[in-house]
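As stored in run-v1.tsv (TSV, C-alpha atoms):
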chain	number	residue	atom	x	y	z
A	570	MET	CA	-6.18	7.61	-20.30
A	571	LYS	CA	-2.67	9.03	-20.00
A	572	ALA	CA	-3.03	8.98	-16.22
A	573	TYR	CA	-3.90	5.27	-16.30
A	574	LEU	CA	-0.82	4.55	-18.40
A	575	ALA	CA	1.32	6.49	-15.91
A	576	VAL	CA	-0.15	4.52	-12.99
A	577	PHE	CA	0.35	1.24	-14.88
A	578	ILE	CA	4.03	1.95	-15.59
A	579	GLY	CA	4.66	3.17	-12.05
A	580	GLY	CA	2.91	0.14	-10.57
A	581	LEU	CA	4.88	-2.19	-12.84
A	582	ILE	CA	8.21	-0.74	-11.70
A	583	GLY	CA	7.11	-0.64	-8.07
A	584	THR	CA	6.02	-4.28	-8.14
A	585	LEU	CA	9.29	-5.28	-9.81
A	586	CYS	CA	11.30	-3.51	-7.09
A	587	ARG	CA	9.17	-5.11	-4.36
A	588	TYR	CA	9.62	-8.56	-5.89
A	589	GLU	CA	13.39	-8.16	-6.22
A	590	LEU	CA	13.72	-6.84	-2.66
A	591	SER	CA	11.64	-9.67	-1.22
A	592	GLN	CA	13.79	-12.18	-3.10
A	593	SER	CA	17.05	-10.72	-1.79
A	594	ILE	CA	15.98	-10.35	1.86
A	595	VAL	CA	14.90	-13.81	2.92
A	596	SER	CA	14.18	-14.46	6.57
A	597	GLN	CA	12.34	-17.43	8.00
A	598	THR	CA	11.60	-15.74	11.32
A	599	PHE	CA	10.44	-12.21	10.57
A	600	PRO	CA	9.09	-10.53	7.38
A	601	TYR	CA	11.74	-7.80	7.17
A	602	ALA	CA	11.36	-7.30	3.41
A	603	THR	CA	7.71	-6.19	3.55
A	604	LEU	CA	8.40	-4.03	6.60
A	605	ILE	CA	11.23	-2.21	4.80
A	606	GLU	CA	9.14	-1.79	1.63
A	607	ASN	CA	6.12	-0.44	3.46
A	608	VAL	CA	8.09	2.04	5.56
A	609	THR	CA	10.27	3.38	2.72
A	610	GLY	CA	7.25	3.52	0.40
A	611	SER	CA	5.35	5.53	3.01
A	612	LEU	CA	8.26	7.95	3.39
A	613	LEU	CA	8.47	8.45	-0.37
A	614	LEU	CA	4.72	8.90	-0.81
A	615	GLY	CA	4.63	11.38	2.10
A	616	PHE	CA	7.41	13.39	0.50
A	617	SER	CA	5.90	13.29	-2.98
A	618	THR	CA	2.43	14.21	-1.65
A	619	GLY	CA	3.98	17.25	0.03
A	620	TYR	CA	5.88	18.11	-3.14
A	621	PHE	CA	2.99	17.78	-5.59
A	622	MET	CA	0.78	19.92	-3.31
A	623	PHE	CA	2.72	22.91	-4.64
A	624	GLN	CA	3.18	21.55	-8.19
A	625	LYS	CA	-0.36	21.47	-9.55
A	626	GLY	CA	0.75	21.13	-13.17
A	627	LYS	CA	2.58	17.82	-12.83
A	628	LYS	CA	-0.50	15.60	-12.74
A	629	TYR	CA	0.93	12.64	-14.65
A	630	LEU	CA	4.23	12.63	-12.78
A	631	ALA	CA	2.25	12.57	-9.52
A	632	ALA	CA	0.21	9.61	-10.82
A	633	LEU	CA	3.40	7.81	-11.93
A	634	ILE	CA	5.35	8.24	-8.70
A	635	GLY	CA	2.60	8.45	-6.08
A	636	THR	CA	-0.29	6.22	-7.12
A	637	GLY	CA	1.81	4.00	-9.38
A	638	PHE	CA	5.25	3.45	-7.92
A	639	CYS	CA	4.60	3.97	-4.19
A	640	GLY	CA	1.28	2.15	-4.37
A	641	GLY	CA	2.76	-0.78	-6.24
A	642	PHE	CA	5.88	-0.90	-4.07
A	643	THR	CA	3.96	-1.12	-0.79
A	644	THR	CA	1.38	-3.76	-0.02
A	645	MET	CA	-1.36	-4.32	2.52
A	646	SER	CA	-2.35	-7.81	1.35
A	647	THR	CA	1.07	-9.38	1.93
A	648	PHE	CA	1.24	-7.59	5.28
A	649	SER	CA	-2.03	-9.27	6.35
A	650	LYS	CA	-0.89	-12.61	4.98
A	651	GLU	CA	2.40	-12.55	6.87
A	652	THR	CA	0.72	-11.48	10.11
A	653	ILE	CA	-1.80	-14.32	9.88
A	654	LEU	CA	0.97	-16.80	9.04
A	655	LEU	CA	2.95	-15.64	12.09
A	656	LEU	CA	-0.16	-16.08	14.24
A	657	GLN	CA	-0.84	-19.50	12.74
A	658	THR	CA	2.64	-20.74	13.58
A	659	GLY	CA	2.17	-19.54	17.15
A	660	GLN	CA	4.57	-16.57	16.99
A	661	PHE	CA	2.23	-14.22	18.81
A	662	THR	CA	4.92	-11.77	20.00
A	663	SER	CA	6.46	-11.49	16.54
A	664	SER	CA	3.09	-10.76	14.95
A	665	VAL	CA	2.28	-8.00	17.47
A	666	ILE	CA	5.74	-6.48	16.95
A	667	TYR	CA	5.27	-6.71	13.18
A	668	ILE	CA	1.88	-4.93	13.27
A	669	LEU	CA	2.97	-2.18	15.65
A	670	LEU	CA	6.28	-1.60	13.88
A	671	SER	CA	4.66	-1.45	10.43
A	672	VAL	CA	1.88	0.93	11.43
A	673	ILE	CA	3.86	3.23	13.75
A	674	ALA	CA	6.97	3.39	11.55
A	675	GLY	CA	4.86	3.69	8.39
A	676	VAL	CA	2.75	6.59	9.68
A	677	ALA	CA	5.80	8.28	11.23
A	678	ALA	CA	7.74	7.95	7.96
A	679	ALA	CA	4.81	9.37	5.98
A	680	LEU	CA	4.49	12.28	8.42
A	681	CYS	CA	8.25	12.99	8.22
A	682	GLY	CA	8.19	12.97	4.42
A	683	LEU	CA	5.08	15.17	4.29
A	684	MET	CA	6.42	17.74	6.74
A	685	LEU	CA	9.87	17.80	5.16
A	686	ALA	CA	8.44	18.44	1.69
A	687	GLN	CA	6.03	21.08	3.02
A	688	GLN	CA	8.90	22.92	4.77
A	689	LEU	CA	11.24	22.63	1.81
A	690	PHE	CA	8.91	23.60	-1.02
A	691	HIS	CA	6.72	26.02	0.86
A	692	GLN	CA	9.77	28.08	1.81
A	693	ASN	CA	11.02	27.96	-1.75
A	694	LYS	CA	7.75	29.38	-2.98
A	695	GLN	CA	7.73	32.19	-0.42
A	696	GLN	CA	11.29	33.17	-1.30
A	697	ARG	CA	10.47	33.28	-4.99
A	698	GLY	CA	7.36	35.31	-4.27
A	699	GLY	CA	9.39	37.77	-2.19
A	700	ARG	CA	11.79	38.65	-4.96
B	898	MET	CA	9.54	-15.07	-17.21
B	899	ILE	CA	7.66	-15.11	-13.89
B	900	ILE	CA	9.25	-11.76	-12.99
B	901	LEU	CA	7.84	-10.16	-16.13
B	902	TYR	CA	4.32	-11.52	-15.53
B	903	THR	CA	4.48	-10.45	-11.88
B	904	ALA	CA	5.48	-6.91	-12.83
B	905	ILE	CA	2.71	-6.66	-15.46
B	906	ALA	CA	0.16	-8.02	-12.98
B	907	GLY	CA	1.34	-5.37	-10.51
B	908	GLY	CA	0.83	-2.67	-13.11
B	909	ILE	CA	-2.69	-3.91	-13.84
B	910	GLY	CA	-3.46	-4.05	-10.11
B	911	SER	CA	-2.24	-0.47	-9.68
B	912	ALA	CA	-4.31	0.77	-12.62
B	913	LEU	CA	-7.39	-0.97	-11.20
B	914	ARG	CA	-6.77	0.65	-7.80
B	915	PHE	CA	-6.53	4.03	-9.53
B	916	PHE	CA	-9.81	3.34	-11.38
B	917	ILE	CA	-11.68	2.40	-8.17
B	918	SER	CA	-10.36	5.33	-6.17
B	919	GLN	CA	-11.20	7.73	-9.03
B	920	SER	CA	-14.75	6.45	-9.44
B	921	ILE	CA	-15.48	6.50	-5.69
B	922	GLN	CA	-14.11	10.02	-5.40
B	923	LYS	CA	-16.36	11.12	-8.24
B	924	THR	CA	-19.55	9.73	-6.71
B	925	ASN	CA	-19.15	11.38	-3.30
B	926	SER	CA	-16.65	14.16	-3.63
B	927	HIS	CA	-17.60	15.83	-0.34
B	928	ALA	CA	-16.71	12.76	1.69
B	929	ARG	CA	-13.58	13.43	3.72
B	930	PHE	CA	-13.01	9.82	4.69
B	931	PRO	CA	-10.82	7.50	2.55
B	932	TYR	CA	-13.47	4.85	1.88
B	933	SER	CA	-11.88	3.85	-1.41
B	934	ILE	CA	-8.55	2.84	0.14
B	935	ILE	CA	-10.35	0.87	2.88
B	936	LEU	CA	-12.39	-0.95	0.23
B	937	ILE	CA	-9.33	-1.64	-1.93
B	938	ASN	CA	-7.22	-2.97	0.94
B	939	LEU	CA	-10.02	-5.16	2.28
B	940	LEU	CA	-10.80	-6.57	-1.17
B	941	GLY	CA	-7.12	-7.27	-1.79
B	942	ALA	CA	-6.69	-9.03	1.56
B	943	ALA	CA	-9.75	-11.21	0.88
B	944	GLY	CA	-8.51	-12.03	-2.63
B	945	LEU	CA	-5.03	-12.96	-1.46
B	946	GLY	CA	-6.60	-15.07	1.29
B	947	ILE	CA	-8.66	-17.14	-1.10
B	948	LEU	CA	-5.68	-17.58	-3.43
B	949	THR	CA	-3.29	-18.59	-0.63
B	950	GLY	CA	-5.81	-21.12	0.62
B	951	ALA	CA	-6.58	-22.53	-2.82
B	952	VAL	CA	-3.13	-23.14	-4.35
B	953	THR	CA	-0.07	-24.97	-3.01
B	954	ALA	CA	2.78	-23.00	-1.45
B	955	ASN	CA	5.15	-23.08	-4.45
B	956	HIS	CA	2.61	-22.49	-7.19
B	957	PRO	CA	3.71	-19.78	-9.68
B	958	LEU	CA	0.23	-18.21	-9.56
B	959	LEU	CA	0.90	-17.29	-5.94
B	960	VAL	CA	3.76	-15.06	-7.10
B	961	ILE	CA	2.10	-13.67	-10.24
B	962	ILE	CA	-1.39	-13.02	-8.84
B	963	GLY	CA	-0.54	-12.87	-5.12
B	964	THR	CA	2.65	-10.80	-5.08
B	965	GLY	CA	1.99	-9.11	-8.40
B	966	PHE	CA	-1.69	-8.34	-8.79
B	967	PHE	CA	-2.90	-8.16	-5.18
B	968	GLY	CA	0.39	-6.60	-4.05
B	969	GLY	CA	0.03	-3.84	-6.63
B	970	PHE	CA	-3.69	-3.48	-6.01
B	971	THR	CA	-3.42	-2.95	-2.25
B	972	THR	CA	-1.33	-0.17	-0.83
B	973	PHE	CA	0.29	0.57	2.48
B	974	SER	CA	1.81	3.92	1.54
B	975	THR	CA	-1.50	5.68	0.83
B	976	PHE	CA	-2.82	4.25	4.09
B	977	SER	CA	0.17	5.74	5.97
B	978	VAL	CA	-0.05	9.11	4.27
B	979	GLU	CA	-3.79	9.41	4.92
B	980	SER	CA	-3.25	8.45	8.57
B	981	ALA	CA	-0.42	10.98	8.83
B	982	THR	CA	-2.66	13.70	7.36
B	983	MET	CA	-5.36	12.90	9.94
B	984	LEU	CA	-2.72	13.00	12.67
B	985	GLU	CA	-1.47	16.36	11.42
B	986	GLN	CA	-5.02	17.78	11.46
B	987	ARG	CA	-5.63	16.28	14.94
B	988	GLN	CA	-8.59	14.16	13.82
B	989	ASN	CA	-7.84	11.45	16.34
B	990	GLY	CA	-11.24	9.75	16.33
B	991	LYS	CA	-11.24	9.44	12.56
B	992	LEU	CA	-7.66	8.16	12.64
B	993	ALA	CA	-8.53	5.46	15.18
B	994	VAL	CA	-11.53	4.31	13.12
B	995	TYR	CA	-9.43	4.26	9.94
B	996	LEU	CA	-6.52	2.33	11.47
B	997	LEU	CA	-8.66	-0.25	13.24
B	998	THR	CA	-11.02	-0.83	10.30
B	999	THR	CA	-8.18	-1.36	7.85
B	1000	ILE	CA	-5.94	-3.51	10.04
B	1001	ILE	CA	-8.47	-5.68	11.84
B	1002	GLY	CA	-10.68	-5.87	8.75
B	1003	SER	CA	-7.90	-7.04	6.45
B	1004	PHE	CA	-6.65	-9.63	8.97
B	1005	CYS	CA	-10.13	-11.06	9.54
B	1006	LEU	CA	-10.94	-11.11	5.82
B	1007	PHE	CA	-7.63	-12.74	4.96
B	1008	ALA	CA	-8.14	-15.45	7.61
B	1009	ALA	CA	-11.77	-16.05	6.65
B	1010	PHE	CA	-11.11	-16.27	2.91
B	1011	TYR	CA	-8.04	-18.42	3.52
B	1012	GLN	CA	-10.33	-20.97	5.14
B	1013	ILE	CA	-12.84	-20.63	2.32
B	1014	GLY	CA	-10.11	-21.16	-0.27
B	1015	GLN	CA	-8.82	-24.26	1.50
B	1016	HIS	CA	-12.22	-25.90	1.71
B	1017	LEU	CA	-13.46	-24.84	-1.70
B	1018	PHE	CA	-10.63	-26.16	-3.87

Could the structure of this file be written out as structure tokens, please?
Amino acid sequence: MKAYLAVFIGGLIGTLCRYELSQSIVSQTFPYATLIENVTGSLLLGFSTGYFMFQKGKKYLAALIGTGFCGGFTTMSTFSKETILLLQTGQFTSSVIYILLSVIAGVAAALCGLMLAQQLFHQNKQQRGGR
Amino acid sequence: MIILYTAIAGGIGSALRFFISQSIQKTNSHARFPYSIILINLLGAAGLGILTGAVTANHPLLVIIGTGFFGGFTTFSTFSVESATMLEQRQNGKLAVYLLTTIIGSFCLFAAFYQIGQHLF
């Protein structure tokens, strides 16, 4: 039950941030706001996944930040909606660029975050173990 | 006030996503393929499609349920991290299936349910 509360609070804050960001970045031609949210959210979730791999005790913090905040901050449904709307208005090139940019940058950001956290915290652990 | 409702709807969506992914993980724990996230993202795309088709463009429900609930329910970050993990472990076939199923599936479902929403209401 505590985990659900953590996810709820994280999702609430994540959704609030996503809403505010999408209100402040308004573009009629290209959905920059969702692109930025999805890529930064992926980076953060990659990093926190790498971090919590070595921190088994922090279950609720992982639920709050990972499943809650990052999950609520990023969105697949709005991404699909914006792609279909671009296609509907005949902006074929923009929609292809949007899909490729979101997926490639999102996966690359997640990979960067994951590898960075693994390097950082894995080394830390080895050093502590050595002493 | 809309901001508050949107944020709460996002929290509920996130909690529901957590519930679904937990219960699917429990039923087949040996499965190494993220079925739950595929299911969640496809369901969310279909739901947002029907809503976008059914209500007018400036309706407050579109923000509260669309941006809030379905936005919080679906996730792009978990999708990226799972793809990145597959890439790291060189499971290229699995990665291709995962990417194509999620992306093409959610587009098709959104478009189909958008039409359904427009004609139904």

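As for atom CA of Gln688 of chain A and atom CA of Lys628 of chain A, they are spaced 21.2 Å apart.
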
Discussion item. List as a PyMOL selection string the residues having at least one atom at most 12 Å from position (3.5, 2.2, -11.7) as given in the file, counting only C-alpha atoms.
Written reply: (chain A and resi 572-587+629-643) or (chain B and resi 904-915+965+969-970)

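Reported to one decimal place, the separation of atom CA of Thr647 of chain A from atom CA of Ile961 of chain B is 12.9 Å.
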
Item to complete: Please measure the separation of atom CA of Glu651 of chain A and atom CA of Tyr601 of chain A, giving the value in Å to one decimal.
Response: 10.5 Å

Practice prompt. Excluding Lys650 of chain A and any residue of its chain fewer than 5 positions from it, enumerate the residues within 9 Å of it, using only C-alpha atoms, and give them as a ChimeraX atom specification.
Written response: /A:645,655 /B:942,945-946,949,1004,1007-1008

Please tell me which residues are no farther than 9 Å from (6.0, 10.2, -3.0) in the file, counting all atoms listed in the file, and write them as a short mmCIF file (atom, residue, chain, number, x, y, z; two decimals) with C-alpha atoms, in the coordinates of the input.
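Output contents, as saved in part-v5.cif:
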data_model
loop_
_atom_site.label_atom_id
_atom_site.label_comp_id
_atom_site.auth_asym_id
_atom_site.auth_seq_id
_atom_site.Cartn_x
_atom_site.Cartn_y
_atom_site.Cartn_z
CA GLY A 610 7.25 3.52 0.40
CA SER A 611 5.35 5.53 3.01
CA LEU A 612 8.26 7.95 3.39
CA LEU A 613 8.47 8.45 -0.37
CA LEU A 614 4.72 8.90 -0.81
CA GLY A 615 4.63 11.38 2.10
CA PHE A 616 7.41 13.39 0.50
CA SER A 617 5.90 13.29 -2.98
CA THR A 618 2.43 14.21 -1.65
CA GLY A 619 3.98 17.25 0.03
CA TYR A 620 5.88 18.11 -3.14
CA PHE A 621 2.99 17.78 -5.59
CA ALA A 631 2.25 12.57 -9.52
CA ILE A 634 5.35 8.24 -8.70
CA GLY A 635 2.60 8.45 -6.08
CA THR A 636 -0.29 6.22 -7.12
CA PHE A 638 5.25 3.45 -7.92
CA CYS A 639 4.60 3.97 -4.19
CA GLY A 682 8.19 12.97 4.42
CA LEU A 683 5.08 15.17 4.29
CA SER B 974 1.81 3.92 1.54
#

Please write out, as lines of an AutoDock Vina configuration file, where the centre of an axis-aligned box around all listed atoms of segment 976-985 of chain B lies and how long its edges are, in Å to one decimal, after adding 4 Å on each side.
center_x = -2.6
center_y = 10.3
center_z = 8.4
size_x = 13.5
size_y = 20.1
size_z = 16.6

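Comparing the minimum interatomic distances between Thr609 of chain A and each of B:Leu992, B:Leu959, B:Leu1017, B:Val978, counting all atoms listed in the file, we find that B:Val978 sits nearest.
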
Worksheet item: Given the choices B:Asn938, B:Thr998, B:Thr953, B:Gln1012, which gets closest to chain A if the distance is worked out from all atoms listed in the file?
Response: B:Asn938

Worksheet item: From the set A:Tyr667, A:Phe661, A:Phe599, A:Phe648, which residue has the shortest atom-to-atom contact distance to chain B, counting only C-alpha atoms?
Response: A:Phe648
